[in-house]
>>> print(open('protein.txt').read())   # compact mmCIF, C-alpha atoms
# COMPACT_ATOMS: atom_id res chain seq x y z
CA MET D 1 -110.01 76.69 -76.63
CA ALA D 2 -108.13 76.09 -73.40
CA SER D 3 -107.26 72.41 -72.91
CA LYS D 4 -107.92 70.51 -69.70
CA ALA D 5 -104.15 70.31 -69.29
CA ALA D 6 -103.88 74.08 -69.63
CA LEU D 7 -106.55 74.60 -67.00
CA LEU D 8 -104.70 72.19 -64.74
CA THR D 9 -101.43 74.07 -65.19
CA LEU D 10 -103.15 77.35 -64.29
CA ALA D 11 -104.90 75.96 -61.25
CA LEU D 12 -102.53 73.32 -59.88
CA VAL D 13 -101.09 75.20 -56.92
CA GLY D 14 -102.24 73.41 -53.81
CA SER D 15 -104.19 70.81 -55.78
CA THR D 16 -102.53 67.80 -54.15
CA ALA D 17 -103.76 68.72 -50.69
CA LEU D 18 -107.16 69.78 -51.95
CA GLY D 19 -107.52 66.66 -54.05
CA SER D 20 -106.73 64.33 -51.17
CA VAL D 21 -109.54 65.88 -49.16
CA ALA D 22 -112.00 65.52 -52.05
CA ALA D 23 -110.92 61.93 -52.65
CA GLN D 24 -111.99 60.96 -49.14
CA ALA D 25 -115.62 61.84 -49.90
CA ALA D 26 -117.89 58.81 -49.66
CA ASP D 27 -120.08 57.68 -52.56
CA GLN D 28 -123.23 58.82 -50.75
CA GLU D 29 -122.02 62.36 -50.21
CA ILE D 30 -122.57 65.42 -52.39
CA ALA D 31 -119.64 67.78 -51.87
CA TRP D 32 -120.64 71.38 -52.64
CA ILE D 33 -118.23 74.27 -53.03
CA TYR D 34 -120.28 77.13 -51.60
CA CYS D 35 -119.11 80.68 -52.28
CA GLY D 36 -119.23 83.29 -49.55
CA ASP D 37 -118.42 83.88 -45.90
CA LYS D 38 -121.01 81.52 -44.43
CA ILE D 39 -123.87 79.24 -45.46
CA ASP D 40 -127.17 81.04 -45.77
CA PRO D 41 -129.59 79.81 -43.06
CA ILE D 42 -132.25 79.22 -45.73
CA HIS D 43 -129.91 76.81 -47.52
CA GLU D 44 -129.04 75.08 -44.25
CA LYS D 45 -132.73 74.56 -43.60
CA TYR D 46 -133.40 73.03 -47.03
CA ILE D 47 -130.26 70.87 -47.02
CA LYS D 48 -131.64 69.20 -43.87
CA GLU D 49 -135.06 68.83 -45.49
CA TRP D 50 -133.57 67.17 -48.61
CA GLU D 51 -131.42 64.85 -46.53
CA GLY D 52 -134.52 63.86 -44.58
CA ARG D 53 -136.22 62.90 -47.83
CA ASN D 54 -133.14 61.04 -49.09
CA PRO D 55 -131.87 58.67 -46.38
CA GLY D 56 -128.24 57.66 -46.81
CA TRP D 57 -127.29 60.88 -48.60
CA LYS D 58 -125.40 63.84 -47.13
CA VAL D 59 -124.79 67.27 -48.67
CA LEU D 60 -121.43 68.61 -47.56
CA PRO D 61 -121.08 72.34 -48.30
CA GLU D 62 -117.58 73.77 -48.06
CA VAL D 63 -117.59 77.53 -47.66
CA VAL D 64 -114.90 79.18 -49.79
CA GLY D 65 -114.38 82.95 -50.11
CA TRP D 66 -115.57 84.62 -53.29
CA ALA D 67 -112.03 85.35 -54.50
CA GLN D 68 -110.91 81.70 -54.33
CA CYS D 69 -114.21 79.88 -54.87
CA GLN D 70 -114.20 79.37 -58.61
CA ASP D 71 -110.47 78.70 -58.80
CA LYS D 72 -110.82 75.91 -56.25
CA ALA D 73 -113.61 74.22 -58.21
CA THR D 74 -111.50 74.48 -61.38
CA THR D 75 -108.37 73.15 -59.65
CA LEU D 76 -110.10 70.05 -58.33
CA ALA D 77 -111.91 69.29 -61.59
CA ALA D 78 -108.84 69.75 -63.77
CA ALA D 79 -106.80 67.57 -61.40
CA GLY D 80 -109.33 64.74 -61.77
CA THR D 81 -110.65 65.06 -58.21
CA PRO D 82 -113.81 67.13 -58.72
CA VAL D 83 -116.40 68.03 -56.16
CA ALA D 84 -119.94 67.00 -57.06
CA MET D 85 -121.23 70.55 -57.37
CA ALA D 86 -119.97 74.11 -57.23
CA TYR D 87 -121.40 77.60 -57.18
CA VAL D 88 -119.98 79.34 -60.28
CA GLY D 89 -120.57 82.41 -62.40
CA SER D 90 -122.73 81.24 -65.31
CA ARG D 91 -120.28 82.95 -67.68
CA THR D 92 -117.79 80.13 -66.98
CA LEU D 93 -120.11 77.26 -67.93
CA LYS D 94 -119.05 77.19 -71.58
CA GLU D 95 -115.38 76.94 -70.63
CA PHE D 96 -116.10 74.11 -68.17
CA ALA D 97 -118.24 72.27 -70.72
CA GLU D 98 -115.79 72.68 -73.60
CA ASN D 99 -113.10 71.18 -71.37
CA ASP D 100 -115.40 68.23 -70.53
CA LEU D 101 -115.43 69.03 -66.81
CA ILE D 102 -119.19 69.31 -66.21
CA VAL D 103 -122.31 67.43 -67.25
CA PRO D 104 -125.43 68.91 -68.89
CA VAL D 105 -128.35 69.77 -66.62
CA PRO D 106 -131.23 69.66 -69.11
CA MET D 107 -134.48 71.40 -68.20
CA THR D 108 -138.00 70.39 -69.12
CA GLU D 109 -140.15 72.91 -70.96
CA GLU D 110 -142.12 73.36 -67.75
CA GLU D 111 -138.93 74.16 -65.81
CA LYS D 112 -137.83 76.67 -68.46
CA LYS D 113 -141.20 78.41 -68.46
CA SER D 114 -141.12 78.87 -64.68
CA TYR D 115 -138.30 81.46 -65.01
CA TYR D 116 -138.53 85.06 -66.13
CA PRO D 117 -137.76 85.47 -69.88
CA ASN D 118 -134.14 85.06 -70.96
CA ILE D 119 -132.89 83.64 -67.63
CA VAL D 120 -132.39 80.14 -69.03
CA ASP D 121 -130.28 81.66 -71.84
CA THR D 122 -127.63 82.54 -69.24
CA VAL D 123 -126.87 78.82 -68.74
CA THR D 124 -127.54 77.59 -72.29
CA PHE D 125 -125.33 77.06 -75.31
CA GLY D 126 -125.55 74.54 -78.09
CA GLY D 127 -129.21 74.10 -77.16
CA THR D 128 -128.27 72.52 -73.79
CA GLN D 129 -128.42 73.80 -70.23
CA TRP D 130 -125.14 73.42 -68.31
CA GLY D 131 -126.08 74.71 -64.87
CA VAL D 132 -129.00 75.59 -62.59
CA PRO D 133 -129.41 79.32 -61.83
CA ILE D 134 -129.19 80.08 -58.10
CA ALA D 135 -128.55 83.84 -57.94
CA PHE D 136 -129.59 86.65 -60.24
CA SER D 137 -128.91 90.36 -60.48
CA THR D 138 -130.12 93.18 -62.70
CA LYS D 139 -129.52 96.93 -62.71
CA ALA D 140 -131.67 100.05 -62.69
CA LEU D 141 -131.01 103.81 -62.73
CA TYR D 142 -130.71 105.63 -59.40
CA TRP D 143 -130.91 109.39 -59.27
CA ASN D 144 -130.36 112.01 -56.58
CA LYS D 145 -133.50 114.16 -56.41
CA ASP D 146 -131.78 116.92 -54.45
CA LEU D 147 -129.12 117.35 -57.15
CA PHE D 148 -131.81 117.30 -59.83
CA LYS D 149 -133.62 120.09 -58.01
CA GLN D 150 -130.43 122.14 -57.56
CA ALA D 151 -129.71 121.79 -61.29
CA GLY D 152 -133.18 122.99 -62.26
CA LEU D 153 -134.39 119.54 -63.31
CA ASP D 154 -137.69 118.00 -62.26
CA PRO D 155 -136.67 115.81 -59.29
CA GLU D 156 -139.52 113.38 -59.98
CA THR D 157 -138.62 112.80 -63.65
CA PRO D 158 -135.62 110.59 -64.38
CA PRO D 159 -134.16 110.33 -67.89
CA LYS D 160 -135.91 107.81 -70.12
CA THR D 161 -133.41 107.88 -73.01
CA TRP D 162 -129.63 108.03 -73.35
CA ALA D 163 -129.93 111.50 -74.88
CA GLU D 164 -131.80 112.73 -71.81
CA GLU D 165 -129.32 110.98 -69.52
CA VAL D 166 -126.38 112.79 -71.13
CA ALA D 167 -128.27 116.11 -71.14
CA PHE D 168 -129.28 115.75 -67.47
CA ALA D 169 -125.72 114.80 -66.47
CA LYS D 170 -124.42 117.88 -68.30
CA GLN D 171 -126.94 120.16 -66.59
CA ILE D 172 -126.13 118.78 -63.14
CA LYS D 173 -122.38 119.19 -63.68
CA GLU D 174 -122.70 122.73 -65.06
CA LYS D 175 -125.26 123.97 -62.52
CA THR D 176 -124.00 122.32 -59.33
CA GLY D 177 -120.36 121.44 -59.97
CA VAL D 178 -121.13 117.86 -58.90
CA ALA D 179 -120.64 114.95 -61.30
CA GLY D 180 -123.86 114.28 -63.17
CA TYR D 181 -123.16 110.58 -63.61
CA GLY D 182 -120.95 107.84 -62.18
CA LEU D 183 -119.23 105.82 -64.91
CA PRO D 184 -116.93 103.00 -63.71
CA ALA D 185 -114.06 101.99 -65.99
CA LYS D 186 -111.51 100.33 -63.69
CA THR D 187 -109.72 97.18 -64.84
CA PHE D 188 -112.37 95.09 -63.14
CA ASP D 189 -115.02 92.64 -64.36
CA ASN D 190 -117.96 94.94 -63.68
CA THR D 191 -116.62 97.54 -66.13
CA MET D 192 -117.58 95.04 -68.84
CA HIS D 193 -120.87 94.35 -67.04
CA GLN D 194 -121.76 98.02 -66.85
CA PHE D 195 -121.16 98.46 -70.57
CA MET D 196 -123.33 95.42 -71.36
CA HIS D 197 -126.28 97.15 -69.67
CA TRP D 198 -125.98 99.85 -72.36
CA VAL D 199 -125.72 97.21 -75.09
CA TYR D 200 -128.92 95.56 -73.88
CA THR D 201 -130.79 98.84 -73.60
CA ASN D 202 -130.19 99.37 -77.31
CA ASN D 203 -131.09 95.93 -78.71
CA GLY D 204 -127.41 95.09 -79.21
CA LYS D 205 -125.51 91.80 -79.02
CA VAL D 206 -121.89 90.70 -78.70
CA ILE D 207 -122.08 87.11 -79.93
CA ASP D 208 -124.81 85.13 -81.69
CA GLY D 209 -124.09 81.42 -81.44
CA ASP D 210 -120.44 81.34 -82.47
CA LYS D 211 -120.57 84.48 -84.58
CA ILE D 212 -119.17 87.76 -83.22
CA VAL D 213 -121.79 90.42 -84.03
CA MET D 214 -120.53 93.22 -81.79
CA ASP D 215 -119.36 95.53 -84.59
CA SER D 216 -122.88 96.83 -85.15
CA PRO D 217 -124.71 100.20 -85.14
CA GLU D 218 -126.42 99.26 -81.87
CA VAL D 219 -123.19 98.59 -79.96
CA LEU D 220 -121.41 101.53 -81.61
CA ALA D 221 -124.19 103.81 -80.35
CA ALA D 222 -123.62 102.49 -76.81
CA LEU D 223 -119.90 103.19 -76.99
CA GLN D 224 -120.56 106.66 -78.42
CA ALA D 225 -122.95 107.38 -75.54
CA TYR D 226 -120.14 106.42 -73.15
CA LYS D 227 -117.89 108.96 -74.83
CA ASP D 228 -120.62 111.60 -74.69
CA ILE D 229 -121.30 111.25 -70.95
CA VAL D 230 -117.65 111.10 -69.79
CA PRO D 231 -117.20 114.91 -69.54
CA TYR D 232 -120.10 115.09 -67.07
CA SER D 233 -119.24 111.97 -65.11
CA VAL D 234 -117.06 111.34 -62.06
CA GLU D 235 -113.50 112.32 -62.97
CA GLY D 236 -110.93 109.57 -63.43
CA ALA D 237 -113.38 106.80 -64.33
CA THR D 238 -110.58 104.23 -64.71
CA ALA D 239 -109.91 104.48 -60.96
CA TYR D 240 -113.35 103.18 -60.00
CA GLU D 241 -115.32 99.95 -60.14
CA GLN D 242 -119.09 99.95 -59.68
CA ASN D 243 -119.18 99.59 -55.88
CA GLU D 244 -116.73 102.49 -55.52
CA ILE D 245 -118.97 104.57 -57.80
CA ARG D 246 -121.93 103.53 -55.66
CA ALA D 247 -120.09 104.81 -52.57
CA ILE D 248 -119.62 108.19 -54.30
CA PHE D 249 -123.37 108.30 -55.05
CA LEU D 250 -124.17 107.39 -51.43
CA ASP D 251 -122.01 110.34 -50.41
CA GLY D 252 -124.16 112.66 -52.56
CA LYS D 253 -121.35 113.27 -55.06
CA ALA D 254 -123.00 111.96 -58.26
CA GLY D 255 -126.34 112.74 -59.85
CA MET D 256 -127.04 109.31 -61.37
CA ILE D 257 -125.66 105.78 -61.38
CA GLN D 258 -126.77 102.38 -62.60
CA SER D 259 -126.76 99.86 -59.77
CA GLY D 260 -128.45 96.77 -58.38
CA SER D 261 -130.77 96.16 -55.46
CA GLY D 262 -127.98 96.60 -52.92
CA ALA D 263 -127.93 100.35 -53.54
CA ALA D 264 -131.57 100.67 -52.49
CA ALA D 265 -130.87 98.90 -49.21
CA LEU D 266 -127.90 101.17 -48.49
CA LEU D 267 -129.70 104.38 -49.54
CA LYS D 268 -132.39 103.77 -46.92
CA ASP D 269 -129.74 104.47 -44.28
CA THR D 270 -128.78 107.85 -45.79
CA LYS D 271 -130.44 111.27 -45.88
CA ILE D 272 -130.41 111.32 -49.69
CA ASP D 273 -133.73 111.88 -51.43
CA TRP D 274 -133.43 109.31 -54.21
CA GLY D 275 -135.39 107.58 -56.91
CA ILE D 276 -135.04 104.40 -58.94
CA ALA D 277 -136.20 103.88 -62.52
CA PRO D 278 -135.60 101.52 -65.46
CA LEU D 279 -132.31 102.05 -67.28
CA PRO D 280 -132.59 104.74 -69.97
CA LEU D 281 -132.99 103.43 -73.51
CA GLY D 282 -130.90 103.83 -76.62
CA PRO D 283 -132.36 104.76 -80.03
CA SER D 284 -132.72 101.12 -81.19
CA ALA D 285 -134.26 99.74 -77.98
CA LYS D 286 -137.33 97.54 -78.22
CA GLY D 287 -138.13 97.82 -74.51
CA GLU D 288 -136.60 98.09 -71.06
CA GLY D 289 -133.41 96.01 -70.86
CA THR D 290 -130.54 95.08 -68.58
CA LEU D 291 -127.67 92.63 -68.42
CA LEU D 292 -128.90 89.42 -66.80
CA ILE D 293 -126.14 88.11 -64.56
CA THR D 294 -126.68 84.72 -62.98
CA ASP D 295 -124.61 82.44 -60.81
CA SER D 296 -125.32 78.73 -61.16
CA LEU D 297 -124.78 75.34 -59.66
CA ALA D 298 -122.51 73.36 -61.98
CA ILE D 299 -122.44 69.56 -61.71
CA PHE D 300 -118.98 68.12 -62.22
CA LYS D 301 -118.18 65.00 -64.18
CA ASP D 302 -116.78 61.68 -62.92
CA THR D 303 -117.90 61.90 -59.29
CA GLY D 304 -120.30 58.98 -59.46
CA VAL D 305 -123.07 61.08 -57.92
CA GLU D 306 -123.96 63.26 -60.89
CA GLU D 307 -127.64 62.29 -61.05
CA LYS D 308 -128.23 62.80 -57.36
CA ALA D 309 -126.33 66.12 -57.42
CA ILE D 310 -128.59 67.31 -60.26
CA GLU D 311 -131.61 66.25 -58.24
CA PHE D 312 -130.39 68.22 -55.21
CA ALA D 313 -129.41 71.27 -57.31
CA LYS D 314 -132.90 71.40 -58.81
CA PHE D 315 -134.45 71.01 -55.36
CA ILE D 316 -132.45 73.76 -53.63
CA THR D 317 -133.24 76.16 -56.52
CA SER D 318 -136.90 75.14 -56.92
CA PRO D 319 -139.56 77.84 -56.45
CA GLY D 320 -140.14 77.24 -52.72
CA PRO D 321 -136.55 77.24 -51.39
CA GLN D 322 -135.30 79.70 -54.01
CA GLY D 323 -138.14 82.15 -53.39
CA GLU D 324 -137.45 82.12 -49.68
CA TYR D 325 -133.71 82.59 -50.26
CA GLU D 326 -134.17 85.52 -52.67
CA LEU D 327 -136.88 87.37 -50.79
CA GLN D 328 -135.55 87.17 -47.26
CA GLY D 329 -134.14 90.67 -47.76
CA GLY D 330 -130.49 90.08 -46.90
CA ALA D 331 -129.48 88.34 -50.12
CA GLY D 332 -130.24 91.37 -52.31
CA LEU D 333 -131.07 89.20 -55.31
CA THR D 334 -133.46 89.86 -58.17
CA PRO D 335 -136.02 87.00 -58.22
CA LEU D 336 -135.46 84.33 -60.86
CA ARG D 337 -139.16 83.52 -61.27
CA PRO D 338 -142.45 85.42 -61.20
CA SER D 339 -144.80 84.42 -58.37
CA PRO D 340 -147.56 85.83 -56.14
CA LYS D 341 -144.91 86.08 -53.41
CA VAL D 342 -142.77 88.29 -55.67
CA ASP D 343 -145.84 90.44 -56.44
CA GLU D 344 -146.36 90.95 -52.70
CA PHE D 345 -142.68 91.76 -52.25
CA VAL D 346 -142.77 94.40 -55.01
CA LYS D 347 -145.96 95.89 -53.59
CA ALA D 348 -144.28 96.25 -50.19
CA ASP D 349 -141.10 97.72 -51.73
CA PRO D 350 -141.69 99.37 -55.15
CA ALA D 351 -137.92 99.85 -55.59
CA TRP D 352 -137.84 96.27 -56.90
CA LYS D 353 -140.12 97.00 -59.88
CA PRO D 354 -137.53 98.63 -62.20
CA LEU D 355 -135.06 95.84 -61.41
CA ILE D 356 -137.62 93.29 -62.60
CA ASP D 357 -139.07 95.27 -65.52
CA GLY D 358 -135.76 95.25 -67.41
CA ILE D 359 -135.71 91.46 -67.63
CA GLY D 360 -138.05 91.22 -70.65
CA TYR D 361 -135.56 92.71 -73.12
CA GLY D 362 -132.46 91.86 -71.13
CA GLY D 363 -129.66 89.61 -72.32
CA PRO D 364 -127.18 87.16 -70.78
CA GLU D 365 -123.51 87.53 -70.11
CA PRO D 366 -122.00 86.46 -73.44
CA LEU D 367 -120.62 82.92 -73.19
CA PHE D 368 -117.02 82.54 -74.37
CA THR D 369 -114.62 79.60 -74.11
CA ASP D 370 -112.00 82.02 -72.78
CA TYR D 371 -114.18 84.27 -70.70
CA LYS D 372 -111.32 86.27 -69.17
CA GLY D 373 -109.91 87.01 -72.61
CA PHE D 374 -113.33 88.31 -73.70
CA GLN D 375 -113.70 90.35 -70.52
CA ASN D 376 -110.26 91.95 -70.84
CA ALA D 377 -110.85 92.90 -74.48
CA MET D 378 -114.13 94.60 -73.51
CA ILE D 379 -112.54 96.48 -70.61
CA GLU D 380 -109.68 97.66 -72.84
CA MET D 381 -112.20 98.87 -75.43
CA VAL D 382 -114.20 100.85 -72.86
CA GLN D 383 -111.09 102.34 -71.27
CA SER D 384 -109.66 103.42 -74.62
CA VAL D 385 -112.82 105.42 -75.35
CA VAL D 386 -113.27 106.81 -71.83
CA THR D 387 -109.67 108.08 -71.75
CA GLY D 388 -109.88 109.51 -75.29
CA LYS D 389 -107.17 107.22 -76.65
CA ALA D 390 -109.47 105.83 -79.35
CA GLU D 391 -112.62 106.81 -81.19
CA PRO D 392 -115.63 104.54 -80.58
CA ALA D 393 -115.77 103.08 -84.11
CA ASP D 394 -112.06 102.19 -84.11
CA ALA D 395 -112.15 100.76 -80.59
CA LEU D 396 -115.20 98.65 -81.43
CA LYS D 397 -113.71 97.25 -84.62
CA LYS D 398 -110.46 96.36 -82.83
CA ALA D 399 -112.27 94.62 -79.95
CA ALA D 400 -114.60 92.69 -82.27
CA GLY D 401 -111.56 91.34 -84.11
CA GLU D 402 -109.88 90.31 -80.86
CA LEU D 403 -112.94 88.43 -79.66
CA GLU D 404 -112.66 85.88 -82.48
CA GLN D 405 -109.84 84.10 -80.60
CA TYR D 406 -111.85 83.80 -77.38
CA LYS D 407 -115.17 82.40 -78.61
>>> encode(input="protein.txt", output="structure tokens")
Amino acid sequence: MASKAALLTLALVGSTALGSVAAQAADQEIAWIYCGDKIDPIHEKYIKEWEGRNPGWKVLPEVVGWAQCQDKATTLAAAGTPVAMAYVGSRTLKEFAENDLIVPVPMTEEEKKSYYPNIVDTVTFGGTQWGVPIAFSTKALYWNKDLFKQAGLDPETPPKTWAEEVAFAKQIKEKTGVAGYGLPAKTFDNTMHQFMHWVYTNNGKVIDGDKIVMDSPEVLAALQAYKDIVPYSVEGATAYEQNEIRAIFLDGKAGMIQSGSGAAALLKDTKIDWGIAPLPLGPSAKGEGTLLITDSLAIFKDTGVEEKAIEFAKFITSPGPQGEYELQGGAGLTPLRPSPKVDEFVKADPAWKPLIDGIGYGGPEPLFTDYKGFQNAMIEMVQSVVTGKAEPADALKKAAGELEQYK
């Protein structure tokens, strides 16, 4: 486990200046590190509403670019000058909690039940919730109907199983010369994410509590499927991350990809005849699955405003504000909760249905104390199989052993 001192050493550059700014915050202010290029107008609207209901309190969002956002929150907390609240990837909550930098944000049973299944698991370990989900993404399968037709496949019938997916990719590659599938394997976080979608479409798991359970038939089958589809995928997979693969698909140069809601929005501006379906299933699947990725609001310790920050975090992510934020169209987020408004949204744009249907058997990003160590071990495992340097069983066993030091 990384110590608080170790985190401080990693994140100290510039902390003196940053800390002096944070230290000036008044007791009645909730400083919020807000990731992105600008504050969403929906959030601006509800910040004003909350302040109106809570005289004497101010929410002070500080917009920080995605690349620096999490590091800044870590720097300030480890230096002993934390902000009240920060937007973080839920995968980091365990590391923050283990280093005693954040406070629990327990949910009532009613709050838990308001979310789609398994969402609360993304912020839970040790039976406690450590953040409030604010953004959510899932993946579905996109296919190019024109390439299906050219390959002699039924353009209205996407693959429903991994075996069909590999067979369709092979047929597209052999009949059209175009890659049948887009597999990303760059040294990038979403290479691990993309593989986890296959794990969760075959009833697999990486970690159960504190026990590494990845060396299993279910995960081995996923890694074997990766090996099987590589010959029919975009060449040089290690050169691409998922958004670069998406760009290839948007250019009509791949038969199938797995992607989020953003692809649907972009495809509407192309001439491609496309479809979207649930992710194909492995032989051990119990139902449609996907990796459930959430970002959360983490409440930092020793600010003196923890309770009020929790209150605000729960307000800004409550069904009314959150539903408006998710469904405005521009955010491109999978809804966190079912609602009549979501039903109307799906009815108006059926492309959302597969992205929601996979939630039931989906699973969270595995929570590790050293998340980057876990991520790097997974990427190395995938790359070793994709490049032919290792057989799936050997690569899986090696990675499972490495993960013991990161849990």
>>> residues_near_point(input="protein.txt", point="(-122.2, 73.2, -60.2)", cutoff="7 Å", atoms="only C-alpha atoms", output="PyMOL selection string")
chain D and resi 85-88+131+296-300
>>> closest_residue(input="protein.txt", among="D:Phe345, D:Ile276, D:Val386, D:Leu267", to="Ser233 (chain D)", atoms="only C-alpha atoms")
D:Val386
>>> closest_atom_pairs(input="protein.txt", of="region 306-347 of chain D", to="region 30-39 of chain D", cutoff="12 Å", atoms="all atoms listed in the file", output="Markdown table")
| residue | atom | partner | partner_atom | distance |
| --- | --- | --- | --- | --- |
| D:Glu306 | CA | D:Ile30 | CA | 8.9 |
| D:Glu307 | CA | D:Ile30 | CA | 10.5 |
| D:Lys308 | CA | D:Ile30 | CA | 8.0 |
| D:Ala309 | CA | D:Ile30 | CA | 6.3 |
| D:Ile310 | CA | D:Ile30 | CA | 10.1 |
| D:Glu311 | CA | D:Ile30 | CA | 10.8 |
| D:Phe312 | CA | D:Ile30 | CA | 8.8 |
| D:Ala313 | CA | D:Trp32 | CA | 9.9 |
| D:Tyr325 | CA | D:Ile39 | CA | 11.4 |
| D:Ala331 | CA | D:Gly36 | CA | 11.4 |
>>> atom_distance(input="protein.txt", atom1="CA of Met256 (chain D)", atom2="CA of Trp143 (chain D)")
4.4 Å
>>> atom_distance(input="protein.txt", atom1="CA of Val234 (chain D)", atom2="CA of Pro283 (chain D)")
24.5 Å
>>> atom_distance(input="protein.txt", atom1="CA of Leu60 (chain D)", atom2="CA of His43 (chain D)")
11.8 Å
